[in-house]
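Structure file run14.cif with mmCIF, C-alpha atoms and all ligand atoms:
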data_protein
#
loop_
_atom_site.label_atom_id
_atom_site.label_comp_id
_atom_site.auth_asym_id
_atom_site.auth_seq_id
_atom_site.Cartn_x
_atom_site.Cartn_y
_atom_site.Cartn_z
CA ASN A 79 0.00 0.00 0.00
CA GLN A 80 0.91 3.63 -0.23
CA MET A 81 2.11 3.92 3.35
CA GLU A 82 4.50 1.01 3.04
CA HIS A 83 5.76 2.33 -0.25
CA ARG A 84 6.51 5.66 1.40
CA LYS A 85 8.32 3.96 4.25
CA LEU A 86 10.51 1.97 1.85
CA ARG A 87 11.37 5.09 -0.05
CA PHE A 88 12.33 6.78 3.18
CA LYS A 89 14.56 3.89 4.19
CA LYS A 90 16.56 4.10 1.00
CA ARG A 91 17.54 7.66 1.70
CA PRO A 92 20.36 8.43 4.11
CA ARG A 93 18.61 8.64 7.47
CA TYR A 94 20.32 11.71 8.78
CA LEU A 95 21.51 14.96 7.40
CA VAL A 96 25.24 15.29 7.62
CA PHE A 97 27.02 18.04 9.52
CA GLU A 98 29.89 19.36 7.44
CA ASN A 99 30.84 21.84 10.15
CA ASN A 100 28.98 23.81 12.80
CA GLU A 101 27.33 26.20 10.39
CA ILE A 102 26.54 24.27 7.30
CA MET A 103 24.22 21.37 6.84
CA LYS A 104 24.11 19.36 3.71
CA SER A 105 20.74 17.92 2.86
CA ASN A 106 19.60 15.48 0.23
CA ARG A 107 16.03 16.42 1.02
CA ARG A 108 15.79 18.75 -1.94
CA ASP A 109 12.06 19.11 -1.73
CA PHE A 110 12.18 20.40 1.85
CA LEU A 111 11.87 24.03 0.87
CA SER A 112 10.21 25.39 -2.20
CA LYS A 113 13.07 27.78 -2.81
CA ALA A 114 15.61 25.04 -2.37
CA ALA A 115 13.66 22.82 -4.75
CA LEU A 116 13.63 25.59 -7.32
CA ALA A 117 17.37 26.10 -6.95
CA SER A 118 17.96 22.39 -7.35
CA ALA A 119 15.84 22.27 -10.50
CA PHE A 120 17.89 25.06 -12.08
CA ALA A 121 21.12 23.53 -10.83
CA ALA A 122 20.88 20.56 -13.18
CA ALA A 123 21.17 22.63 -16.39
CA PRO A 124 24.04 25.04 -15.60
CA LEU A 125 25.99 22.33 -13.85
CA ALA A 126 27.66 21.31 -17.12
CA SER A 127 28.86 24.83 -17.90
CA PHE A 128 29.67 26.11 -14.40
CA GLY A 129 30.89 22.84 -12.96
CA ARG A 130 30.90 21.51 -9.38
CA GLU A 131 31.48 24.92 -7.78
CA TYR A 132 27.97 26.03 -8.62
CA GLN A 133 26.43 22.91 -7.10
CA THR A 134 28.61 23.33 -4.01
CA ALA A 135 27.43 26.94 -3.63
CA ILE A 136 23.81 25.77 -3.76
CA ASP A 137 24.51 22.99 -1.26
CA ARG A 138 26.20 25.40 1.14
CA THR A 139 23.36 27.91 1.13
CA PRO A 140 21.61 27.69 4.51
CA LYS A 141 18.15 26.55 3.53
CA SER A 142 16.57 26.55 6.95
CA SER A 143 16.27 30.34 7.10
CA MET A 144 13.81 30.36 4.24
CA PRO A 145 10.06 30.06 4.76
CA SER A 146 9.08 26.43 4.65
CA ASP A 147 6.10 24.80 3.02
CA LEU A 148 6.28 21.92 5.47
CA LYS A 149 2.78 21.00 6.68
CA ILE A 150 1.25 18.52 9.10
CA THR A 151 -0.88 16.03 7.18
CA ASP A 152 -1.92 13.46 9.78
CA ILE A 153 -1.48 12.23 13.32
CA LYS A 154 -1.69 8.59 14.46
CA CYS A 155 -1.01 6.73 17.66
CA GLY A 156 -0.37 3.35 19.24
CA TYR A 157 -0.17 2.11 22.82
CA ILE A 158 1.72 -0.48 24.86
CA ARG A 159 1.73 -1.34 28.61
CA GLY A 160 -2.06 -1.63 28.63
CA GLY A 161 -2.35 1.94 27.39
CA HIS A 162 0.06 3.48 29.90
CA SER A 163 2.57 4.29 27.12
CA LEU A 164 1.26 6.32 24.21
CA PHE A 165 3.27 6.72 21.00
CA VAL A 166 2.29 9.50 18.62
CA LYS A 167 3.39 9.85 15.00
CA ILE A 168 2.96 13.15 13.19
CA TYR A 169 3.13 12.95 9.40
CA SER A 170 4.08 15.77 7.03
CA ASN A 171 3.71 16.58 3.34
CA GLN A 172 7.45 15.91 2.89
CA ASP A 173 7.68 12.34 4.16
CA ILE A 174 9.25 13.47 7.43
CA VAL A 175 7.61 11.83 10.46
CA GLY A 176 7.96 12.97 14.08
CA HIS A 177 7.64 10.62 17.09
CA GLY A 178 6.62 11.43 20.64
CA GLU A 179 5.70 9.50 23.78
CA GLY A 180 3.31 10.11 26.65
CA VAL A 181 3.09 7.98 29.81
CA ASP A 182 0.92 7.04 32.80
CA ALA A 183 -2.08 9.31 32.25
CA THR A 184 -2.72 7.95 28.75
CA PRO A 185 -5.10 4.92 28.74
CA GLY A 186 -8.29 5.62 26.79
CA THR A 187 -6.96 8.71 25.02
CA TYR A 188 -7.19 7.59 21.37
CA HIS A 189 -9.92 10.09 20.48
CA LEU A 190 -8.13 12.89 22.30
CA VAL A 191 -5.07 12.29 20.10
CA LYS A 192 -7.30 12.48 17.04
CA ILE A 193 -8.97 15.70 18.22
CA MET A 194 -5.59 17.36 18.84
CA GLY A 195 -4.42 16.16 15.43
CA LYS A 196 -7.37 17.87 13.76
CA ARG A 197 -6.52 21.13 15.48
CA ILE A 198 -3.00 21.26 14.04
CA ARG A 199 -3.48 19.57 10.66
CA GLY A 200 -2.35 21.76 7.76
CA GLN A 201 -0.10 23.89 9.99
CA ASN A 202 3.65 24.22 9.90
CA PRO A 203 5.17 21.83 12.49
CA LEU A 204 8.25 24.03 12.93
CA ASN A 205 6.22 26.44 15.12
CA VAL A 206 6.28 24.05 18.07
CA HIS A 207 5.43 26.55 20.84
CA ARG A 208 2.61 28.02 18.79
CA LEU A 209 1.05 24.59 18.17
CA PHE A 210 1.44 23.68 21.84
CA GLU A 211 -0.49 26.83 22.77
CA THR A 212 -3.07 26.19 20.04
CA ILE A 213 -3.90 22.81 21.56
CA ARG A 214 -3.62 23.88 25.20
CA LYS A 215 -5.84 26.94 24.77
CA SER A 216 -8.40 25.00 22.74
CA GLY A 217 -8.69 22.56 25.64
CA PHE A 218 -9.32 24.90 28.59
CA PHE A 219 -12.76 23.36 29.07
CA GLU A 220 -11.60 19.83 28.26
CA GLY A 221 -9.13 19.49 31.14
CA ALA A 222 -6.07 21.17 29.63
CA GLN A 223 -4.81 21.96 33.14
CA SER A 224 -3.49 18.48 34.01
CA GLY A 225 -3.99 14.72 33.65
CA MET A 226 -4.77 12.94 30.40
CA PHE A 227 -5.14 16.08 28.32
CA VAL A 228 -1.65 17.26 29.25
CA ALA A 229 -0.10 13.79 28.91
CA VAL A 230 -1.43 13.51 25.34
CA LEU A 231 -0.39 17.08 24.56
CA THR A 232 3.06 16.07 25.81
CA ALA A 233 3.33 13.23 23.28
CA VAL A 234 2.14 15.49 20.46
CA GLU A 235 4.52 18.30 21.44
CA THR A 236 7.47 15.89 21.62
CA ALA A 237 6.66 14.54 18.15
CA LEU A 238 6.68 18.12 16.84
CA TRP A 239 10.21 18.70 18.19
CA ASP A 240 11.33 15.43 16.59
CA LEU A 241 9.77 16.42 13.27
CA ALA A 242 11.24 19.94 13.42
CA GLY A 243 14.69 18.58 14.25
CA LYS A 244 14.61 16.16 11.33
CA ALA A 245 13.37 18.87 8.96
CA LEU A 246 16.04 21.36 9.99
CA GLY A 247 18.81 18.78 10.40
CA LEU A 248 19.33 19.59 14.09
CA PRO A 249 19.20 17.56 17.30
CA VAL A 250 16.37 18.60 19.63
CA TYR A 251 18.78 19.98 22.27
CA GLN A 252 20.01 22.43 19.63
CA LEU A 253 16.46 23.61 18.92
CA LEU A 254 16.07 24.09 22.68
CA GLY A 255 18.98 26.54 22.65
CA GLY A 256 21.99 24.23 22.83
CA LYS A 257 23.50 22.11 25.54
CA PHE A 258 25.21 22.67 28.87
CA ARG A 259 26.60 19.10 28.88
CA ASP A 260 27.29 16.27 26.46
CA SER A 261 26.06 13.49 28.72
CA VAL A 262 23.23 13.18 31.19
CA ARG A 263 23.70 11.42 34.53
CA VAL A 264 21.01 8.86 35.35
CA TYR A 265 20.05 6.89 38.46
CA MET A 266 18.85 3.31 38.37
CA ASP A 267 15.29 2.60 39.46
CA THR A 268 15.74 -0.95 40.71
CA ALA A 269 12.05 -1.97 40.42
CA LEU A 270 12.48 -4.07 43.53
CA TYR A 271 8.83 -3.31 44.29
CA GLN A 272 7.97 -6.18 41.96
CA ASN A 273 9.10 -8.55 44.71
CA ARG A 274 6.32 -9.22 47.17
CA LEU A 275 8.19 -8.44 50.36
CA PRO A 276 11.81 -7.59 49.65
CA LYS A 277 14.20 -7.98 52.58
CA PRO A 278 17.00 -5.56 53.44
CA GLU A 279 19.44 -8.05 51.80
CA ASP A 280 17.47 -7.78 48.55
CA PHE A 281 17.90 -4.00 48.66
CA ALA A 282 21.63 -4.43 49.21
CA THR A 283 21.98 -6.90 46.33
CA ALA A 284 19.98 -4.76 43.88
CA ALA A 285 21.97 -1.65 44.82
CA LYS A 286 25.29 -3.44 44.29
CA GLU A 287 24.10 -4.79 40.93
CA ALA A 288 23.33 -1.25 39.76
CA VAL A 289 26.70 0.03 40.97
CA ASP A 290 28.45 -2.87 39.19
CA MET A 291 26.68 -1.79 36.00
CA GLY A 292 28.32 1.62 36.36
CA PHE A 293 25.48 3.61 37.95
CA THR A 294 26.39 6.07 40.70
CA ALA A 295 22.88 6.52 42.03
CA VAL A 296 19.98 4.19 42.85
CA LYS A 297 16.32 4.50 43.80
CA PHE A 298 14.10 2.20 45.88
CA ASP A 299 10.44 2.22 46.85
CA LEU A 300 9.50 2.30 50.52
CA ASP A 301 5.75 1.93 50.18
CA GLN A 302 4.78 -1.73 50.25
CA ALA A 303 1.11 -2.56 49.98
CA ASN A 304 1.74 -6.10 51.27
CA ASP A 305 3.60 -5.09 54.42
CA PRO A 306 1.88 -7.15 57.17
CA ASN A 307 2.64 -4.37 59.65
CA LYS A 308 0.33 -1.88 57.94
CA TYR A 309 -2.57 -0.70 60.08
CA ASP A 310 -4.86 -1.31 57.13
CA ARG A 311 -4.92 -0.84 53.36
CA PHE A 312 -6.56 2.58 53.43
CA ASN A 313 -5.19 4.76 56.17
CA TRP A 314 -2.01 6.69 55.40
CA THR A 315 -0.15 6.29 58.67
CA ALA A 316 2.90 4.01 58.88
CA SER A 317 3.06 1.77 61.96
CA PRO A 318 6.25 1.60 64.08
CA ALA A 319 7.13 -1.79 62.55
CA GLU A 320 6.58 -0.40 59.07
CA LEU A 321 8.88 2.52 59.85
CA GLN A 322 11.51 0.08 61.14
CA ARG A 323 11.20 -1.99 57.95
CA MET A 324 11.81 1.16 55.86
CA TYR A 325 14.84 2.12 57.92
CA ASP A 326 16.36 -1.38 57.74
CA GLN A 327 15.97 -1.48 53.96
CA MET A 328 17.63 1.90 53.45
CA ALA A 329 20.36 1.21 56.00
CA ALA A 330 21.23 -2.06 54.20
CA THR A 331 21.40 -0.13 50.93
CA ARG A 332 23.77 2.48 52.37
CA GLU A 333 25.88 -0.25 53.97
CA ALA A 334 26.13 -2.07 50.61
CA VAL A 335 27.17 0.86 48.43
CA GLY A 336 29.20 2.97 50.83
CA PRO A 337 29.12 6.73 51.28
CA ASN A 338 29.80 7.85 47.69
CA ILE A 339 26.76 6.44 45.89
CA ASP A 340 23.56 8.50 45.84
CA ILE A 341 20.42 6.86 47.20
CA CYS A 342 16.80 7.97 46.69
CA ALA A 343 13.73 6.57 48.43
CA ASP A 344 10.23 6.85 46.97
CA MET A 345 6.99 6.73 49.02
CA HIS A 346 4.67 7.20 45.98
CA GLY A 347 2.49 9.72 47.78
CA ARG A 348 0.92 6.95 49.88
CA TYR A 349 1.42 8.34 53.40
CA ASP A 350 0.20 11.20 55.56
CA ALA A 351 2.19 14.31 56.46
CA THR A 352 3.10 13.04 59.94
CA THR A 353 4.52 9.82 58.51
CA GLY A 354 6.35 11.82 55.87
CA GLU A 355 8.00 13.93 58.57
CA ARG A 356 8.90 10.87 60.61
CA VAL A 357 10.46 8.98 57.69
CA ALA A 358 12.43 12.02 56.52
CA LYS A 359 13.79 12.59 60.04
CA MET A 360 14.52 8.88 60.58
CA LEU A 361 16.54 8.62 57.33
CA GLU A 362 18.64 11.76 57.98
CA PRO A 363 21.71 9.78 59.19
CA LEU A 364 21.76 7.85 55.89
CA GLY A 365 22.34 10.99 53.79
CA LEU A 366 19.80 10.34 51.02
CA MET A 367 19.93 12.28 47.75
CA TRP A 368 16.19 12.70 48.28
CA LEU A 369 12.98 11.35 49.76
CA GLU A 370 10.35 11.27 47.01
CA GLU A 371 6.62 11.99 47.29
CA PRO A 372 6.11 11.21 50.99
CA ILE A 373 2.57 12.57 50.46
CA ALA A 374 0.23 12.93 47.48
CA ALA A 375 0.69 15.76 45.01
CA GLU A 376 -2.19 18.12 45.74
CA ASN A 377 -1.21 20.01 48.87
CA SER A 378 1.92 22.11 48.61
CA ASP A 379 1.44 23.52 52.16
CA ALA A 380 1.72 20.00 53.58
CA TYR A 381 4.85 19.47 51.48
CA LYS A 382 6.34 22.63 52.91
CA LYS A 383 5.67 21.40 56.44
CA ILE A 384 7.66 18.22 55.77
CA THR A 385 10.44 19.98 53.87
CA ASP A 386 10.88 22.55 56.66
CA SER A 387 11.09 19.81 59.28
CA THR A 388 14.08 17.84 57.99
CA SER A 389 17.54 17.94 56.46
CA THR A 390 16.60 15.06 54.12
CA PRO A 391 15.94 16.73 50.73
CA ILE A 392 12.28 16.34 49.72
CA CYS A 393 11.49 15.77 46.04
CA ALA A 394 8.17 15.79 44.16
CA GLY A 395 6.71 16.51 40.74
CA GLU A 396 5.89 13.33 38.81
CA ASN A 397 2.21 14.01 39.46
CA HIS A 398 2.37 17.74 38.80
CA TYR A 399 1.55 19.22 35.41
CA LEU A 400 2.73 22.21 33.38
CA ALA A 401 4.77 25.11 34.74
CA HIS A 402 1.51 26.22 36.44
CA GLY A 403 1.60 23.09 38.58
CA PHE A 404 5.17 23.70 39.68
CA ARG A 405 4.73 27.38 40.49
CA PRO A 406 3.19 26.90 43.98
CA LEU A 407 5.76 24.22 44.87
CA LEU A 408 8.57 26.61 44.00
CA GLU A 409 7.05 29.86 45.28
CA ASN A 410 6.29 28.29 48.66
CA GLY A 411 9.61 26.51 48.98
CA ALA A 412 7.54 23.35 49.36
CA VAL A 413 10.20 20.98 47.99
CA ASP A 414 13.98 20.91 47.70
CA ILE A 415 14.13 19.17 44.29
CA ILE A 416 11.59 18.93 41.45
CA MET A 417 11.07 15.83 39.32
CA PRO A 418 8.64 16.55 36.46
CA ASP A 419 7.93 13.64 34.15
CA LEU A 420 8.78 14.99 30.70
CA GLN A 421 6.48 12.46 28.99
CA LYS A 422 3.56 13.66 31.06
CA ALA A 423 3.97 17.19 32.43
CA GLY A 424 3.56 19.12 29.16
CA GLY A 425 6.43 18.17 26.86
CA LEU A 426 10.00 19.14 26.12
CA GLY A 427 9.48 22.89 25.78
CA GLU A 428 7.33 22.95 28.92
CA GLY A 429 9.96 20.80 30.67
CA GLN A 430 12.54 23.43 29.87
CA ARG A 431 10.23 26.18 31.14
CA ILE A 432 9.69 24.25 34.40
CA ALA A 433 13.45 23.76 34.81
CA ASN A 434 14.12 27.43 34.18
CA LEU A 435 11.42 28.43 36.65
CA ALA A 436 13.01 26.15 39.27
CA ASN A 437 16.38 27.69 38.52
CA LEU A 438 15.07 31.06 39.73
CA TYR A 439 14.60 29.42 43.15
CA TYR A 440 17.95 27.56 43.01
CA VAL A 441 16.03 24.29 42.91
CA PRO A 442 17.59 21.35 41.02
CA PHE A 443 15.77 19.59 38.20
CA ALA A 444 15.73 15.76 38.37
CA PRO A 445 13.19 14.40 35.86
CA HIS A 446 11.12 11.31 36.55
CA MET A 447 11.24 8.86 33.62
CA VAL A 448 9.16 5.70 33.09
CA ALA A 449 9.05 5.78 29.29
CA SER A 450 10.64 3.75 26.49
CA TYR A 451 14.00 4.64 24.91
CA LEU A 452 12.10 7.22 22.86
CA GLY A 453 10.94 9.11 25.94
CA ALA A 454 14.25 8.59 27.71
CA MET A 455 16.23 10.12 24.85
CA ALA A 456 13.70 12.92 24.41
CA SER A 457 14.08 13.75 28.13
CA ALA A 458 17.87 13.68 27.81
CA HIS A 459 17.75 16.52 25.25
CA VAL A 460 15.94 18.71 27.81
CA CYS A 461 18.34 17.68 30.60
CA ALA A 462 21.27 18.74 28.42
CA SER A 463 19.67 22.10 27.70
CA VAL A 464 19.15 23.49 31.22
CA PRO A 465 21.74 24.65 33.76
CA ASN A 466 20.13 23.21 36.90
CA PHE A 467 19.89 19.60 35.73
CA MET A 468 20.79 17.24 38.58
CA ILE A 469 20.06 13.65 37.52
CA MET A 470 17.44 11.75 35.47
CA GLU A 471 15.69 8.45 36.15
CA TRP A 472 16.72 5.26 34.33
CA GLN A 473 14.93 1.92 34.54
CA ILE A 474 16.19 -1.62 35.13
CA TYR A 475 13.56 -2.83 32.63
CA PHE A 476 15.76 -1.58 29.79
CA HIS A 477 18.27 -4.24 30.84
CA LYS A 478 15.80 -7.04 31.61
CA ASN A 479 12.85 -6.73 29.24
CA PRO A 480 13.72 -7.26 25.52
CA MET A 481 10.52 -5.50 24.42
CA TYR A 482 12.12 -2.09 24.94
CA ARG A 483 14.88 -2.72 22.40
CA GLU A 484 12.42 -4.26 19.93
CA ILE A 485 9.91 -1.43 19.73
CA VAL A 486 12.36 1.31 18.75
CA THR A 487 15.51 1.64 16.66
CA PHE A 488 18.61 3.72 17.31
CA GLU A 489 22.35 3.48 16.80
CA GLY A 490 24.73 2.39 19.55
CA GLU A 491 24.18 2.08 23.29
CA ALA A 492 21.66 4.24 25.13
CA VAL A 493 23.44 4.38 28.47
CA GLU A 494 27.06 3.76 29.43
CA ASN A 495 28.51 3.88 32.94
CA GLY A 496 25.46 5.63 34.29
CA PHE A 497 25.35 8.36 31.66
CA ILE A 498 23.26 8.91 28.53
CA THR A 499 25.24 10.49 25.73
CA VAL A 500 22.98 13.08 24.16
CA ARG A 501 22.38 12.02 20.58
CA ASP A 502 23.88 14.21 17.88
CA VAL A 503 21.51 13.32 15.09
CA PRO A 504 18.53 15.34 13.82
CA GLY A 505 15.43 15.11 16.01
CA ILE A 506 15.34 12.93 19.11
CA GLY A 507 17.48 10.20 17.57
CA VAL A 508 15.15 7.24 18.20
CA GLU A 509 12.65 5.81 15.70
CA ILE A 510 9.54 3.73 16.42
CA ASN A 511 9.49 0.19 15.02
CA GLU A 512 5.77 -0.03 14.39
CA GLU A 513 5.67 -3.71 13.41
CA ALA A 514 7.61 -4.80 16.49
CA MET A 515 5.39 -2.62 18.70
CA ARG A 516 2.17 -4.07 17.29
CA LYS A 517 2.45 -7.34 19.20
CA TYR A 518 2.55 -5.48 22.54
CA ALA A 519 -0.44 -3.27 21.74
CA PRO A 520 -3.61 -3.64 23.84
CA GLU A 521 -6.55 -5.39 22.16
CA GLY A 522 -9.48 -3.36 20.94
CA VAL A 523 -7.60 -0.06 20.57
CA PRO A 524 -6.78 1.28 17.08
CA PHE A 525 -3.07 0.90 16.33
CA PHE A 526 -1.59 3.69 14.18
CA GLU A 527 -4.88 4.03 12.29
MG MG A 601 8.10 8.27 42.17
#
Could you render the structure as structure tokens?
Ligand code: MG
Amino acid sequence: NQMEHRKLRFKKRPRYLVFENNEIMKSNRRDFLSKAALASAFAAAPLASFGREYQTAIDRTPKSSMPSDLKITDIKCGYIRGGHSLFVKIYSNQDIVGHGEGVDATPGTYHLVKIMGKRIRGQNPLNVHRLFETIRKSGFFEGAQSGMFVAVLTAVETALWDLAGKALGLPVYQLLGGKFRDSVRVYMDTALYQNRLPKPEDFATAAKEAVDMGFTAVKFDLDQANDPNKYDRFNWTASPAELQRMYDQMAATREAVGPNIDICADMHGRYDATTGERVAKMLEPLGLMWLEEPIAAENSDAYKKITDSTSTPICAGENHYLAHGFRPLLENGAVDIIMPDLQKAGGLGEGQRIANLANLYYVPFAPHMVASYLGAMASAHVCASVPNFMIMEWQIYFHKNPMYREIVTFEGEAVENGFITVRDVPGIGVEINEEAMRKYAPEGVPFFE
């Protein structure tokens, strides 16, 4: 069919534009700009008489400063993880396709993707901020303040950056204003929570495994729904035995890795403010990098109470949305560190705005990340582009679950010795493998249709 034909044609072309030096890009995508196409058409005839020099002059003319006739033609999506990972593809009239990912707040959003697609169809995808505002403002009465609306907008916005980067021959970090660093430090989320009742020894073993893999920071979860010492499943107060269990697990971790590895502990917003204060105080001697979401996201005054009560740095943000959501946290000094999820909180541009807002309060930026390699690499571009980047989340599932390497394609290794090297290719630098992804897609939901 036509789509497959287009894909084949695309594959035959060199995938990336080549950087000759810092200023000049050489592109074989002659039809990218109308002016460039015109120049190319004329180039064929005089080439014989004027020789190679003329062609070289045309090739060296910066084409990206000219008005573009690039247009969005369609938007499609697919899901994995039961709908909790959304992949958006934005198509253009020049065979360039942009990819973006949204996470967590995405099940059941197929029609929302389609509605957003309609609102930007026919427009120039290079105006990323403008399209972001077009969708956000059109959704004020549809929930554009947080949740699913923003998570879907995030995937769409990310796909626009990818598309723009490919069209202009620039990596996304460059479109975001350039980079402060070439590599992005990540911490390993050990996913030990998948064990029913992990013992302190399990924490120690998992931490050592991560350190042996080259990571210099690890994260563990302290909330355990199956803990037999819980008062009950619904109240938010930790019992003394539950507190002791948390301390023993973190102490074993510190003992295993020594003083120079960073440790984070996550409570997933499942406790009350008193418990949050107690846990933060109790863990002070262990010198954590941070204690994450001791309480749920809604009440920044309660966060401030905990933060003011302890020397353990308090971190939150994976359930906050847009720069608007982070403003009260920052203005009130409610947390020490912010951790927006860049596949959920509003996108790459909004992620940069949130980081820059935090920078005004001297608050570090440590993004949450539970996406695929696509989302991870997209996040890394933002992390490279802001001064106050601290560390980004990495997941053990990349090393244990082969699905993640099947559903996308990219060159080389994603992470080495606890660092992501920011990709120096146009766009995000990761492509979706639609056929491989199809087998993980939930039943009964349209897949890239
Ligand atoms: Mg968390």
#### Entry: Atom-to-atom span, atom CA of Met447 of chain A and atom CA of Val250 of chain A, Å
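Rounded to one decimal, the two atoms are 17.8 Å apart.
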### Message
Distance limit 10 Å, reference ligand MG 601 (chain A), atoms considered: all atoms listed in the file. Which residues make the cut? Give them as a ChimeraX atom specification.
### Response
/A:267,297-299,342-347,369-372,393-397,417,419,446-448,471
Keeping only C-alpha atoms, write those residues as a PDB file, in the coordinates of the input.
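So out.pdb came out as:
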ATOM      1  CA  ASP A 267      15.290   2.600  39.460  1.00  0.00           C
ATOM      2  CA  LYS A 297      16.320   4.500  43.800  1.00  0.00           C
ATOM      3  CA  PHE A 298      14.100   2.200  45.880  1.00  0.00           C
ATOM      4  CA  ASP A 299      10.440   2.220  46.850  1.00  0.00           C
ATOM      5  CA  CYS A 342      16.800   7.970  46.690  1.00  0.00           C
ATOM      6  CA  ALA A 343      13.730   6.570  48.430  1.00  0.00           C
ATOM      7  CA  ASP A 344      10.230   6.850  46.970  1.00  0.00           C
ATOM      8  CA  MET A 345       6.990   6.730  49.020  1.00  0.00           C
ATOM      9  CA  HIS A 346       4.670   7.200  45.980  1.00  0.00           C
ATOM     10  CA  GLY A 347       2.490   9.720  47.780  1.00  0.00           C
ATOM     11  CA  LEU A 369      12.980  11.350  49.760  1.00  0.00           C
ATOM     12  CA  GLU A 370      10.350  11.270  47.010  1.00  0.00           C
ATOM     13  CA  GLU A 371       6.620  11.990  47.290  1.00  0.00           C
ATOM     14  CA  PRO A 372       6.110  11.210  50.990  1.00  0.00           C
ATOM     15  CA  CYS A 393      11.490  15.770  46.040  1.00  0.00           C
ATOM     16  CA  ALA A 394       8.170  15.790  44.160  1.00  0.00           C
ATOM     17  CA  GLY A 395       6.710  16.510  40.740  1.00  0.00           C
ATOM     18  CA  GLU A 396       5.890  13.330  38.810  1.00  0.00           C
ATOM     19  CA  ASN A 397       2.210  14.010  39.460  1.00  0.00           C
ATOM     20  CA  MET A 417      11.070  15.830  39.320  1.00  0.00           C
ATOM     21  CA  ASP A 419       7.930  13.640  34.150  1.00  0.00           C
ATOM     22  CA  HIS A 446      11.120  11.310  36.550  1.00  0.00           C
ATOM     23  CA  MET A 447      11.240   8.860  33.620  1.00  0.00           C
ATOM     24  CA  VAL A 448       9.160   5.700  33.090  1.00  0.00           C
ATOM     25  CA  GLU A 471      15.690   8.450  36.150  1.00  0.00           C
TER      26      GLU A 471
END
### Task
State, in Å with one decimal place, the distance from atom CA of Asp301 of chain A to atom CA of Lys359 of chain A.
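Atom CA of Lys359 of chain A lies 16.6 Å from atom CA of Asp301 of chain A.
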At a cut-off of 6 Å, using only C-alpha atoms, what residues contact segment 236-247 of chain A? Leave out same-chain residues fewer than 3 positions from it and give the result as a PDB file with C-alpha atoms, in the coordinates of the input.
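Written file, selection-v5.pdb:
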ATOM      1  CA  LEU A  95      21.510  14.960   7.400  1.00  0.00           C
ATOM      2  CA  VAL A 175       7.610  11.830  10.460  1.00  0.00           C
ATOM      3  CA  GLY A 176       7.960  12.970  14.080  1.00  0.00           C
ATOM      4  CA  HIS A 177       7.640  10.620  17.090  1.00  0.00           C
ATOM      5  CA  GLY A 178       6.620  11.430  20.640  1.00  0.00           C
ATOM      6  CA  PRO A 203       5.170  21.830  12.490  1.00  0.00           C
ATOM      7  CA  LEU A 204       8.250  24.030  12.930  1.00  0.00           C
ATOM      8  CA  ALA A 233       3.330  13.230  23.280  1.00  0.00           C
ATOM      9  CA  VAL A 250      16.370  18.600  19.630  1.00  0.00           C
ATOM     10  CA  GLY A 425       6.430  18.170  26.860  1.00  0.00           C
ATOM     11  CA  PRO A 504      18.530  15.340  13.820  1.00  0.00           C
ATOM     12  CA  GLY A 505      15.430  15.110  16.010  1.00  0.00           C
ATOM     13  CA  ILE A 506      15.340  12.930  19.110  1.00  0.00           C
TER      14      ILE A 506
END
### Task
In the coordinates of the file, take the point (16.7, 20.4, 26.1) and a cut-off of 8 Å; then, counting all atoms listed in the file, name each qualifying protein, DNA or RNA residue as an NGL selection string.
:A and (250-257 or 426-427 or 430 or 457-464)
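With all atoms listed in the file as the atoms that count, the minimum distance from Leu435 of chain A to the choices A:Ala401, A:Leu231, A:Ala514, A:Ala423 is reached by A:Ala401.
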### Task
In Å, rounded to a single decimal, give me how far atom CA of Phe443 of chain A is from atom CA of Asp386 of chain A.
19.3 Å
#### Entry: Nearest to Asn511 of chain A by atom-to-atom distance, counting all atoms listed in the file, from A:Glu527, A:Glu484, A:Glu179, A:Glu491
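Using all atoms listed in the file, the shortest distance to Asn511 of chain A belongs to A:Glu484.
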### Task
Write out as a VMD selection string which residues come within 12 Å of Met291 of chain A when counting only C-alpha atoms, dropping same-chain ones fewer than 5 positions away.
chain A and resid 265 to 266 268 284 to 286 296 474 477 493 to 497
### Residue nearest Asn273 of chain A among A:Thr212, A:Asn304, A:Asn434, A:Gln327 (counting only C-alpha atoms)
A:Asn304
